[in-house]
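Data file: coords_16.txt. Format and content: compact mmCIF, C-alpha atoms.
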# COMPACT_ATOMS: atom_id res chain seq x y z
CA MET A 63 0.00 0.00 0.00
CA LEU A 64 1.30 3.43 -0.95
CA PRO A 65 0.99 6.05 1.80
CA PRO A 66 -1.66 8.75 1.27
CA THR A 67 -0.60 11.86 -0.64
CA LEU A 68 -2.52 14.00 1.82
CA ILE A 69 -4.92 14.18 4.74
CA LEU A 70 -8.27 15.84 4.01
CA ALA A 71 -9.18 17.82 7.14
CA SER A 72 -12.88 17.87 6.31
CA GLY A 73 -15.93 15.65 6.58
CA SER A 74 -17.34 17.02 3.32
CA GLU A 75 -18.60 14.22 1.10
CA ILE A 76 -18.24 16.25 -2.07
CA ARG A 77 -14.60 17.16 -1.42
CA ALA A 78 -13.79 13.52 -0.74
CA ARG A 79 -15.57 12.51 -3.94
CA LEU A 80 -13.66 15.08 -6.01
CA LEU A 81 -10.30 13.84 -4.71
CA THR A 82 -11.30 10.21 -5.22
CA GLN A 83 -12.42 10.81 -8.80
CA ALA A 84 -9.19 12.64 -9.57
CA GLY A 85 -7.17 9.68 -8.32
CA VAL A 86 -5.63 11.36 -5.27
CA ARG A 87 -4.70 9.00 -2.43
CA PHE A 88 -5.96 10.55 0.80
CA GLU A 89 -7.31 9.87 4.25
CA THR A 90 -10.03 11.87 5.93
CA ARG A 91 -9.79 13.54 9.36
CA PRO A 92 -12.88 15.67 9.94
CA VAL A 93 -12.13 18.64 12.21
CA ARG A 94 -14.53 20.86 14.13
CA ILE A 95 -14.16 24.61 13.97
CA ASP A 96 -16.68 27.03 15.47
CA GLU A 97 -17.16 28.66 12.09
CA ASN A 98 -19.82 31.09 13.28
CA ALA A 99 -17.55 32.48 16.01
CA VAL A 100 -14.60 32.80 13.63
CA ARG A 101 -16.77 34.46 11.02
CA ASP A 102 -18.22 36.97 13.45
CA ALA A 103 -14.76 37.84 14.81
CA PHE A 104 -13.30 38.27 11.33
CA LEU A 105 -16.16 40.33 9.99
CA ALA A 106 -16.11 42.55 13.09
CA GLU A 107 -12.54 43.40 12.12
CA GLY A 108 -13.57 44.24 8.57
CA ALA A 109 -12.06 41.16 6.89
CA SER A 110 -13.16 40.44 3.32
CA PRO A 111 -15.12 37.28 2.41
CA ARG A 112 -12.02 36.07 0.54
CA ASP A 113 -9.81 36.47 3.63
CA LEU A 114 -12.44 34.77 5.79
CA ALA A 115 -12.57 31.72 3.51
CA ASP A 116 -8.78 31.55 3.41
CA ALA A 117 -8.47 31.83 7.20
CA LEU A 118 -11.08 29.10 7.84
CA ALA A 119 -9.35 26.77 5.37
CA GLU A 120 -6.00 27.35 7.09
CA MET A 121 -7.46 26.74 10.56
CA LYS A 122 -8.78 23.39 9.38
CA ALA A 123 -5.47 22.45 7.75
CA LEU A 124 -3.60 23.25 10.97
CA ARG A 125 -5.89 21.24 13.24
CA PRO A 126 -4.82 17.59 12.72
CA ARG A 127 -1.60 17.00 14.69
CA ILE A 128 0.15 14.64 12.30
CA VAL A 129 3.82 15.00 11.47
CA ASP A 130 5.44 14.86 8.05
CA VAL A 131 2.29 14.72 5.93
CA LEU A 132 0.39 17.20 3.76
CA VAL A 133 -2.92 18.31 5.30
CA LEU A 134 -5.60 19.95 3.15
CA GLY A 135 -8.16 22.34 4.64
CA ALA A 136 -10.95 23.93 2.61
CA ASP A 137 -13.79 26.35 3.15
CA GLN A 138 -16.37 28.17 1.09
CA VAL A 139 -17.89 31.57 1.83
CA LEU A 140 -20.93 33.06 0.07
CA GLU A 141 -21.38 36.82 -0.03
CA CYS A 142 -24.32 38.74 -1.47
CA ASP A 143 -24.69 42.52 -1.21
CA GLY A 144 -22.35 42.64 1.78
CA ARG A 145 -23.97 39.82 3.75
CA ILE A 146 -22.31 36.45 4.43
CA TYR A 147 -24.54 33.37 4.25
CA ALA A 148 -23.86 30.20 6.25
CA LYS A 149 -25.48 26.83 5.54
CA PRO A 150 -29.22 26.89 6.30
CA GLU A 151 -30.06 25.36 9.67
CA THR A 152 -33.76 24.86 8.93
CA PRO A 153 -36.04 24.87 5.87
CA VAL A 154 -37.26 28.30 7.01
CA ASP A 155 -33.62 29.51 6.86
CA ALA A 156 -33.29 28.09 3.36
CA ILE A 157 -36.45 29.83 2.18
CA ASP A 158 -35.16 33.10 3.67
CA HIS A 159 -31.74 32.73 2.03
CA LEU A 160 -33.23 32.00 -1.39
CA ARG A 161 -35.57 35.00 -1.12
CA GLN A 162 -32.49 37.15 -0.52
CA LEU A 163 -30.43 35.60 -3.34
CA SER A 164 -33.31 35.59 -5.87
CA GLY A 165 -32.70 37.85 -8.86
CA ARG A 166 -29.25 38.89 -7.60
CA THR A 167 -25.59 38.09 -8.25
CA HIS A 168 -23.71 36.50 -5.36
CA HIS A 169 -20.07 35.57 -4.93
CA LEU A 170 -18.56 32.26 -3.85
CA TYR A 171 -15.04 32.17 -2.41
CA SER A 172 -13.66 28.65 -2.34
CA ALA A 173 -10.44 28.45 -0.34
CA ALA A 174 -7.95 25.62 0.01
CA VAL A 175 -4.78 25.59 2.13
CA VAL A 176 -2.20 22.80 2.40
CA CYS A 177 -0.04 22.69 5.54
CA ARG A 178 2.73 20.38 6.67
CA ASP A 179 3.99 20.24 10.26
CA GLY A 180 2.01 23.38 11.04
CA VAL A 181 3.40 25.41 8.14
CA PRO A 182 1.22 26.53 5.21
CA LEU A 183 2.89 25.43 1.95
CA TRP A 184 0.22 26.37 -0.59
CA ARG A 185 -3.04 28.28 -0.74
CA HIS A 186 -5.59 29.32 -3.33
CA VAL A 187 -8.97 31.05 -3.28
CA GLY A 188 -11.25 30.45 -6.27
CA HIS A 189 -13.89 33.12 -6.99
CA VAL A 190 -17.17 32.52 -8.81
CA ARG A 191 -19.98 34.94 -9.71
CA MET A 192 -23.42 33.32 -9.66
CA THR A 193 -26.55 35.10 -10.92
CA MET A 194 -29.97 33.75 -9.95
CA HIS A 195 -33.21 34.15 -11.84
CA PRO A 196 -35.94 35.99 -9.95
CA LEU A 197 -37.63 33.13 -8.08
CA SER A 198 -41.30 33.09 -7.13
CA GLU A 199 -42.32 32.50 -3.52
CA ALA A 200 -44.21 29.36 -4.58
CA PHE A 201 -41.20 27.98 -6.44
CA ILE A 202 -38.86 28.64 -3.49
CA ARG A 203 -41.15 26.79 -1.06
CA ASP A 204 -41.64 23.80 -3.37
CA TYR A 205 -37.93 23.67 -4.22
CA VAL A 206 -36.89 23.68 -0.55
CA ALA A 207 -39.48 21.02 0.31
CA ARG A 208 -38.28 18.82 -2.57
CA ASN A 209 -34.56 19.27 -1.91
CA TRP A 210 -34.11 19.89 1.81
CA ASP A 211 -32.19 16.70 2.57
CA SER A 212 -29.64 17.63 -0.08
CA ILE A 213 -29.37 21.42 0.27
CA ARG A 214 -29.13 21.51 4.08
CA HIS A 215 -25.40 20.85 3.64
CA ALA A 216 -24.97 23.51 0.95
CA VAL A 217 -24.07 27.15 1.36
CA GLY A 218 -26.55 29.00 -0.85
CA CYS A 219 -29.15 26.20 -0.66
CA TYR A 220 -28.31 24.65 -4.01
CA LYS A 221 -26.32 21.87 -5.56
CA LEU A 222 -25.41 22.71 -9.11
CA GLU A 223 -25.10 19.04 -10.00
CA GLU A 224 -28.78 18.56 -9.05
CA GLU A 225 -31.91 20.69 -9.44
CA GLY A 226 -29.96 23.77 -8.27
CA VAL A 227 -28.82 24.42 -11.84
CA ARG A 228 -32.35 25.64 -12.61
CA LEU A 229 -31.91 28.62 -10.30
CA PHE A 230 -29.23 30.33 -12.37
CA SER A 231 -29.20 32.60 -15.39
CA ARG A 232 -25.44 33.02 -15.43
CA ILE A 233 -22.31 31.54 -13.87
CA ASP A 234 -18.81 32.97 -14.28
CA GLY A 235 -16.07 30.87 -12.77
CA ASP A 236 -14.73 27.45 -12.08
CA TYR A 237 -17.09 24.52 -11.49
CA PHE A 238 -14.90 22.89 -8.87
CA SER A 239 -14.83 26.10 -6.86
CA ILE A 240 -18.63 26.03 -6.89
CA LEU A 241 -18.54 22.49 -5.49
CA GLY A 242 -16.18 23.68 -2.75
CA LEU A 243 -12.61 22.83 -3.79
CA PRO A 244 -10.37 24.56 -6.37
CA LEU A 245 -9.34 21.16 -7.70
CA ILE A 246 -7.43 22.12 -10.87
CA GLU A 247 -5.12 24.43 -8.91
CA LEU A 248 -4.61 21.86 -6.13
CA LEU A 249 -3.78 19.06 -8.58
CA THR A 250 -1.45 21.36 -10.52
CA TRP A 251 0.46 22.15 -7.32
CA LEU A 252 0.65 18.47 -6.30
CA ARG A 253 1.93 17.69 -9.78
CA ALA A 254 4.63 20.39 -9.58
CA ARG A 255 5.78 18.87 -6.28
CA GLY A 256 6.05 15.46 -7.88
CA GLU A 257 3.22 14.07 -5.74
CA MET A 258 1.18 13.12 -8.78
CA SER A 259 2.55 12.03 -12.12
CA THR A 260 1.26 13.10 -15.49
CA MET B 266 -48.65 11.90 -16.23
CA LEU B 267 -47.54 15.24 -17.60
CA PRO B 268 -46.29 15.16 -21.20
CA PRO B 269 -42.53 15.55 -21.72
CA THR B 270 -41.20 19.09 -22.09
CA LEU B 271 -38.93 17.93 -24.88
CA ILE B 272 -37.49 15.06 -26.89
CA LEU B 273 -33.74 14.53 -26.55
CA ALA B 274 -32.49 13.49 -30.00
CA SER B 275 -29.37 11.84 -28.62
CA GLY B 276 -28.29 8.60 -27.02
CA SER B 277 -25.72 10.41 -24.85
CA GLU B 278 -25.90 9.21 -21.26
CA ILE B 279 -24.38 12.37 -19.88
CA ARG B 280 -26.88 14.67 -21.62
CA ALA B 281 -29.76 12.54 -20.33
CA ARG B 282 -28.30 12.67 -16.82
CA LEU B 283 -27.93 16.47 -16.92
CA LEU B 284 -31.56 16.93 -17.97
CA THR B 285 -32.77 14.44 -15.36
CA GLN B 286 -30.82 16.13 -12.55
CA ALA B 287 -32.18 19.52 -13.58
CA GLY B 288 -35.74 18.18 -13.36
CA VAL B 289 -36.59 18.43 -17.08
CA ARG B 290 -39.25 15.98 -18.27
CA PHE B 291 -37.99 14.43 -21.48
CA GLU B 292 -38.00 11.35 -23.65
CA THR B 293 -35.01 10.06 -25.58
CA ARG B 294 -34.90 9.33 -29.31
CA PRO B 295 -31.35 8.53 -30.36
CA VAL B 296 -30.66 9.50 -33.96
CA ARG B 297 -27.88 8.43 -36.28
CA ILE B 298 -25.96 10.98 -38.28
CA ASP B 299 -22.87 10.17 -40.33
CA GLU B 300 -20.87 12.74 -38.38
CA ASN B 301 -17.60 12.01 -40.15
CA ALA B 302 -19.14 12.65 -43.56
CA VAL B 303 -20.82 15.85 -42.42
CA ARG B 304 -17.63 17.04 -40.79
CA ASP B 305 -15.51 16.39 -43.84
CA ALA B 306 -18.02 18.15 -46.09
CA PHE B 307 -18.25 21.18 -43.82
CA LEU B 308 -14.53 21.51 -43.30
CA ALA B 309 -13.90 21.17 -47.03
CA GLU B 310 -16.06 24.28 -47.42
CA GLY B 311 -14.05 26.14 -44.79
CA ALA B 312 -16.69 26.09 -42.04
CA SER B 313 -15.55 26.99 -38.52
CA PRO B 314 -15.63 24.45 -35.66
CA ARG B 315 -18.42 26.50 -34.09
CA ASP B 316 -20.55 26.33 -37.26
CA LEU B 317 -19.87 22.60 -37.57
CA ALA B 318 -21.08 21.93 -34.00
CA ASP B 319 -24.16 24.06 -34.58
CA ALA B 320 -24.99 22.33 -37.87
CA LEU B 321 -24.63 18.84 -36.38
CA ALA B 322 -26.86 19.78 -33.43
CA GLU B 323 -29.49 21.11 -35.82
CA MET B 324 -29.38 17.99 -38.00
CA LYS B 325 -30.04 15.85 -34.94
CA ALA B 326 -32.89 18.09 -33.76
CA LEU B 327 -34.56 17.88 -37.19
CA ARG B 328 -34.33 14.10 -37.49
CA PRO B 329 -37.19 12.81 -35.26
CA ARG B 330 -40.45 13.21 -37.16
CA ILE B 331 -42.73 14.11 -34.28
CA VAL B 332 -45.28 16.91 -34.52
CA ASP B 333 -45.95 19.64 -32.00
CA VAL B 334 -43.13 18.89 -29.56
CA LEU B 335 -39.76 20.50 -28.80
CA VAL B 336 -36.81 18.40 -30.02
CA LEU B 337 -33.32 19.02 -28.63
CA GLY B 338 -30.21 18.19 -30.65
CA ALA B 339 -26.68 18.66 -29.32
CA ASP B 340 -23.15 18.19 -30.53
CA GLN B 341 -19.64 18.94 -29.35
CA VAL B 342 -16.61 19.70 -31.52
CA LEU B 343 -13.00 19.80 -30.32
CA GLU B 344 -10.46 21.90 -32.22
CA CYS B 345 -6.73 22.16 -31.51
CA ASP B 346 -4.32 24.08 -33.71
CA GLY B 347 -6.69 23.85 -36.67
CA ARG B 348 -7.42 20.13 -36.42
CA ILE B 349 -10.83 18.68 -35.45
CA TYR B 350 -10.78 15.62 -33.16
CA ALA B 351 -13.54 13.00 -33.20
CA LYS B 352 -14.05 10.42 -30.45
CA PRO B 353 -11.21 7.89 -30.35
CA GLU B 354 -12.09 4.62 -32.08
CA THR B 355 -9.30 2.59 -30.48
CA PRO B 356 -6.89 2.96 -27.55
CA VAL B 357 -4.18 3.71 -30.12
CA ASP B 358 -6.33 6.61 -31.37
CA ALA B 359 -6.72 7.86 -27.82
CA ILE B 360 -2.97 7.76 -27.20
CA ASP B 361 -2.40 9.65 -30.45
CA HIS B 362 -5.01 12.32 -29.61
CA LEU B 363 -3.58 12.88 -26.12
CA ARG B 364 -0.06 13.19 -27.54
CA GLN B 365 -1.36 15.96 -29.81
CA LEU B 366 -3.33 17.75 -27.07
CA SER B 367 -0.56 17.47 -24.45
CA GLY B 368 0.84 20.85 -23.37
CA ARG B 369 -1.53 22.75 -25.66
CA THR B 370 -4.77 24.74 -25.39
CA HIS B 371 -7.74 23.28 -27.23
CA HIS B 372 -11.25 24.57 -27.80
CA LEU B 373 -14.57 22.85 -27.16
CA TYR B 374 -17.70 24.03 -28.98
CA SER B 375 -20.82 22.66 -27.37
CA ALA B 376 -23.90 23.31 -29.50
CA ALA B 377 -27.57 22.83 -28.73
CA VAL B 378 -30.52 23.47 -31.05
CA VAL B 379 -34.21 23.12 -30.26
CA CYS B 380 -36.61 22.58 -33.16
CA ARG B 381 -40.36 22.16 -33.36
CA ASP B 382 -42.14 20.85 -36.44
CA GLY B 383 -38.92 21.16 -38.40
CA VAL B 384 -38.30 24.80 -37.46
CA PRO B 385 -35.32 25.82 -35.26
CA LEU B 386 -36.64 27.91 -32.34
CA TRP B 387 -33.49 28.33 -30.27
CA ARG B 388 -29.77 27.69 -30.56
CA HIS B 389 -26.65 28.26 -28.52
CA VAL B 390 -22.98 27.34 -28.84
CA GLY B 391 -20.92 27.31 -25.64
CA HIS B 392 -17.15 27.78 -26.01
CA VAL B 393 -14.54 26.54 -23.54
CA ARG B 394 -10.74 26.87 -23.60
CA MET B 395 -8.95 23.89 -22.06
CA THR B 396 -5.20 23.85 -21.41
CA MET B 397 -3.46 20.53 -20.78
CA HIS B 398 -0.28 19.93 -18.82
CA PRO B 399 2.57 18.44 -20.83
CA LEU B 400 1.88 14.70 -20.46
CA SER B 401 4.59 12.06 -20.48
CA GLU B 402 4.33 9.11 -22.88
CA ALA B 403 4.23 6.71 -19.92
CA PHE B 404 1.42 8.62 -18.26
CA ILE B 405 -0.63 8.75 -21.46
CA ARG B 406 -0.36 4.98 -21.97
CA ASP B 407 -1.24 4.16 -18.37
CA TYR B 408 -4.09 6.69 -18.33
CA VAL B 409 -5.63 5.28 -21.52
CA ALA B 410 -5.28 1.70 -20.24
CA ARG B 411 -6.94 2.63 -16.92
CA ASN B 412 -9.75 4.71 -18.45
CA TRP B 413 -10.50 3.30 -21.90
CA ASP B 414 -14.00 2.05 -21.12
CA SER B 415 -14.96 5.54 -20.01
CA ILE B 416 -13.06 7.80 -22.41
CA ARG B 417 -13.94 5.89 -25.59
CA HIS B 418 -17.19 7.89 -25.61
CA ALA B 419 -15.48 11.22 -24.97
CA VAL B 420 -14.18 13.73 -27.49
CA GLY B 421 -10.70 14.63 -26.22
CA CYS B 422 -10.30 11.33 -24.34
CA TYR B 423 -11.18 12.73 -20.93
CA LYS B 424 -14.06 13.02 -18.51
CA LEU B 425 -13.60 16.01 -16.28
CA GLU B 426 -15.78 14.46 -13.58
CA GLU B 427 -13.33 11.53 -13.39
CA GLU B 428 -9.55 11.24 -13.63
CA GLY B 429 -9.53 13.57 -16.65
CA VAL B 430 -9.38 16.60 -14.35
CA ARG B 431 -5.72 15.71 -13.69
CA LEU B 432 -4.80 16.49 -17.28
CA PHE B 433 -5.54 20.20 -17.07
CA SER B 434 -3.65 23.25 -15.87
CA ARG B 435 -6.38 25.70 -16.82
CA ILE B 436 -10.02 25.76 -17.89
CA ASP B 437 -11.90 28.86 -19.03
CA GLY B 438 -15.57 28.36 -19.62
CA ASP B 439 -18.76 26.67 -18.59
CA TYR B 440 -18.68 23.22 -16.99
CA PHE B 441 -21.88 22.05 -18.65
CA SER B 442 -20.48 22.93 -22.07
CA ILE B 443 -17.50 20.71 -21.26
CA LEU B 444 -19.89 17.86 -20.45
CA GLY B 445 -21.62 18.43 -23.80
CA LEU B 446 -24.74 20.53 -23.20
CA PRO B 447 -25.00 24.30 -22.51
CA LEU B 448 -27.52 23.56 -19.76
CA ILE B 449 -27.85 26.97 -18.07
CA GLU B 450 -28.73 28.63 -21.38
CA LEU B 451 -31.17 25.84 -22.33
CA LEU B 452 -32.96 25.97 -18.97
CA THR B 453 -33.10 29.77 -19.12
CA TRP B 454 -34.78 29.59 -22.52
CA LEU B 455 -37.26 26.92 -21.37
CA ARG B 456 -38.04 29.11 -18.37
CA ALA B 457 -38.65 32.18 -20.54
CA ARG B 458 -41.10 30.11 -22.63
CA GLY B 459 -42.98 29.08 -19.49
CA GLU B 460 -41.95 25.43 -19.92
CA MET B 461 -40.25 25.34 -16.52
CA SER B 462 -41.31 27.31 -13.47
CA THR B 463 -38.99 29.08 -11.07

Please express what this file holds, its structure, as structure tokens.
Amino acid sequence: MLPPTLILASGSEIRARLLTQAGVRFETRPVRIDENAVRDAFLAEGASPRDLADALAEMKALRPRIVDVLVLGADQVLECDGRIYAKPETPVDAIDHLRQLSGRTHHLYSAAVVCRDGVPLWRHVGHVRMTMHPLSEAFIRDYVARNWDSIRHAVGCYKLEEEGVRLFSRIDGDYFSILGLPLIELLTWLRARGEMST
Amino acid sequence: MLPPTLILASGSEIRARLLTQAGVRFETRPVRIDENAVRDAFLAEGASPRDLADALAEMKALRPRIVDVLVLGADQVLECDGRIYAKPETPVDAIDHLRQLSGRTHHLYSAAVVCRDGVPLWRHVGHVRMTMHPLSEAFIRDYVARNWDSIRHAVGCYKLEEEGVRLFSRIDGDYFSILGLPLIELLTWLRARGEMST
């Protein structure tokens, strides 16, 4: 058995699936961060959504105490008209978020940081602009009822690889950053280090 | 049972999956076009890759003889340094194509046309720029051996949702156009017609 190329410091199913499909050898170590507290502290200091995503990804990458191995942390922040949106905690939250995002352009910042022995070695923040159609109240309620089990884990209350694609009139940016991991940039860095052959 | 919103004039699994995930009601009617003959005829007349993709999509959309229903045809054309690449017919083809694409930027043109009663009602061609890492001969051979069953159906010999993502250093353009259907634009048009609520 070859050793893993990296440790994924995240319990996110989609990030694990992306790495698996790309052929990266990895092990998973989910970490717990009080994201709400970190977010509030950062925003109180006037940090940008991009810096917040980057900081949360780094915190996750620094958490597992494992020596001599690459650790990947990742985080995604959604900003719309100056407000940051976390994952919806209830269907009522999801309905509220979608009402706010309806007909507007929001921004996704998808950050990844790789650390080794407590030192950040690489970082990248992908940025995507997402424009939603104006959504009717009836559609929002039906959509949330149909999709709650899936979208409860999704910032923005959509999965683009499912019915969420219907919500959008325009998308500018990288698909993998929408899913929550700037995969092309990560793989390119691993390749340059000789961790993955091509 | 509600009637289908459209007929998909294609046997492509990925296009069917995209429509299903987006919640479009459709039926499939695969059509056969001699794509090589059409391509050769068009290119002999100096047509662009974009026009070729558009023409092939329209031919497919016009083929099913069904009255009073929307018929969707789609096609994807890959161009690199002036050469058009069809799907690989053999692993040797795939190795040859990847040798040519290695280290270069190629262009994908992903066309969709919707017809009704033999009249085109809507068309769109998505364009994506894809830049590959320089690939070693050994990697290309191993990659084709590992992935042949999957990539034999793929123009360019890659599936971005699988190991193919490793091949790329940069991608500029829409993910759905890479998969072979400009889905956001299609759904937006269906929505504007009142065929899909949001």

- Message: With 9 Å as the limit and counting all atoms listed in the file, what residues in chain A lie close to chain B? Please list them as a PyMOL selection string.
- Response: chain A and resi 80+82-85+195-202+205+222-238+245-247+249-250+253+258-260

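For the pair CA of Glu292 (chain B) and CA of Val332 (chain B), the interatomic distance is 14.2 Å.
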
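Using all atoms listed in the file, the residues found no farther than 12 Å from Ser110 (chain A), other than those of its own chain fewer than 2 positions away, are A:Arg101, A:Asp102, A:Ala103, A:Phe104, A:Leu105, A:Ala106, A:Glu107, A:Gly108, A:Arg112, A:Asp113, A:Leu114, A:Ala115, A:Asp116, A:Ala117, A:Val139, A:Leu140, A:Glu141, A:Gly144, A:Arg145, A:Ile146, A:His169, A:Tyr171.
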
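Here CA of Ile331 (chain B) stands at a distance of 26.9 Å from CA of Gly391 (chain B).
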
- Counting only C-alpha atoms, which of B:Val357, B:Ala322, B:Ala312, B:Val336 gets nearest to Arg294 (chain B)? B:Val336

- Give me, please, the distance in Å between CA of Ile360 (chain B) and CA of Lys325 (chain B), quoted to one decimal. 29.3 Å

- Message: Need the shell around region 213-220 of chain A: protein/DNA/RNA residues with any atom at most 8 Å away, counting only C-alpha atoms. Skip same-chain ones fewer than 5 positions apart. Format as an MDAnalysis selection string?
- Response: chainID A and resid 138:140 147:153 156 159:160 206 225:227

Is there a way to complete region 315-328 of chain B with N, CA, C and O atoms and then write that out as a PDB file, keeping the file's coordinate frame?
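Result file selection_4.pdb:
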ATOM      1  N   ARG B 315     -17.164  26.072 -34.717  1.00  0.00           N
ATOM      2  CA  ARG B 315     -18.420  26.500 -34.090  1.00  0.00           C
ATOM      3  C   ARG B 315     -19.608  26.218 -35.022  1.00  0.00           C
ATOM      4  O   ARG B 315     -20.639  25.679 -34.594  1.00  0.00           O
ATOM      5  N   ASP B 316     -19.460  26.565 -36.301  1.00  0.00           N
ATOM      6  CA  ASP B 316     -20.550  26.330 -37.260  1.00  0.00           C
ATOM      7  C   ASP B 316     -20.799  24.842 -37.451  1.00  0.00           C
ATOM      8  O   ASP B 316     -21.943  24.416 -37.630  1.00  0.00           O
ATOM      9  N   LEU B 317     -19.725  24.049 -37.416  1.00  0.00           N
ATOM     10  CA  LEU B 317     -19.870  22.600 -37.570  1.00  0.00           C
ATOM     11  C   LEU B 317     -20.681  22.026 -36.398  1.00  0.00           C
ATOM     12  O   LEU B 317     -21.613  21.229 -36.596  1.00  0.00           O
ATOM     13  N   ALA B 318     -20.348  22.423 -35.169  1.00  0.00           N
ATOM     14  CA  ALA B 318     -21.080  21.930 -34.000  1.00  0.00           C
ATOM     15  C   ALA B 318     -22.555  22.314 -34.089  1.00  0.00           C
ATOM     16  O   ALA B 318     -23.460  21.499 -33.853  1.00  0.00           O
ATOM     17  N   ASP B 319     -22.793  23.561 -34.460  1.00  0.00           N
ATOM     18  CA  ASP B 319     -24.160  24.060 -34.580  1.00  0.00           C
ATOM     19  C   ASP B 319     -24.948  23.293 -35.638  1.00  0.00           C
ATOM     20  O   ASP B 319     -26.106  22.903 -35.427  1.00  0.00           O
ATOM     21  N   ALA B 320     -24.308  23.042 -36.781  1.00  0.00           N
ATOM     22  CA  ALA B 320     -24.990  22.330 -37.870  1.00  0.00           C
ATOM     23  C   ALA B 320     -25.314  20.893 -37.483  1.00  0.00           C
ATOM     24  O   ALA B 320     -26.404  20.384 -37.780  1.00  0.00           O
ATOM     25  N   LEU B 321     -24.379  20.227 -36.801  1.00  0.00           N
ATOM     26  CA  LEU B 321     -24.630  18.840 -36.380  1.00  0.00           C
ATOM     27  C   LEU B 321     -25.762  18.779 -35.348  1.00  0.00           C
ATOM     28  O   LEU B 321     -26.610  17.875 -35.386  1.00  0.00           O
ATOM     29  N   ALA B 322     -25.776  19.751 -34.427  1.00  0.00           N
ATOM     30  CA  ALA B 322     -26.860  19.780 -33.430  1.00  0.00           C
ATOM     31  C   ALA B 322     -28.209  19.980 -34.120  1.00  0.00           C
ATOM     32  O   ALA B 322     -29.203  19.320 -33.792  1.00  0.00           O
ATOM     33  N   GLU B 323     -28.228  20.864 -35.119  1.00  0.00           N
ATOM     34  CA  GLU B 323     -29.490  21.110 -35.820  1.00  0.00           C
ATOM     35  C   GLU B 323     -29.948  19.876 -36.601  1.00  0.00           C
ATOM     36  O   GLU B 323     -31.128  19.518 -36.590  1.00  0.00           O
ATOM     37  N   MET B 324     -29.008  19.218 -37.260  1.00  0.00           N
ATOM     38  CA  MET B 324     -29.380  17.990 -38.000  1.00  0.00           C
ATOM     39  C   MET B 324     -30.046  16.978 -37.087  1.00  0.00           C
ATOM     40  O   MET B 324     -31.018  16.330 -37.445  1.00  0.00           O
ATOM     41  N   LYS B 325     -29.464  16.821 -35.887  1.00  0.00           N
ATOM     42  CA  LYS B 325     -30.040  15.850 -34.940  1.00  0.00           C
ATOM     43  C   LYS B 325     -31.432  16.290 -34.487  1.00  0.00           C
ATOM     44  O   LYS B 325     -32.345  15.472 -34.384  1.00  0.00           O
ATOM     45  N   ALA B 326     -31.594  17.591 -34.257  1.00  0.00           N
ATOM     46  CA  ALA B 326     -32.890  18.090 -33.760  1.00  0.00           C
ATOM     47  C   ALA B 326     -33.980  17.973 -34.825  1.00  0.00           C
ATOM     48  O   ALA B 326     -35.165  17.906 -34.502  1.00  0.00           O
ATOM     49  N   LEU B 327     -33.566  17.960 -36.107  1.00  0.00           N
ATOM     50  CA  LEU B 327     -34.560  17.880 -37.190  1.00  0.00           C
ATOM     51  C   LEU B 327     -34.924  16.449 -37.538  1.00  0.00           C
ATOM     52  O   LEU B 327     -35.896  16.209 -38.256  1.00  0.00           O
ATOM     53  N   ARG B 328     -34.153  15.473 -37.044  1.00  0.00           N
ATOM     54  CA  ARG B 328     -34.330  14.100 -37.490  1.00  0.00           C
ATOM     55  C   ARG B 328     -35.611  13.411 -36.972  1.00  0.00           C
ATOM     56  O   ARG B 328     -36.339  12.825 -37.771  1.00  0.00           O
TER      57      ARG B 328
END
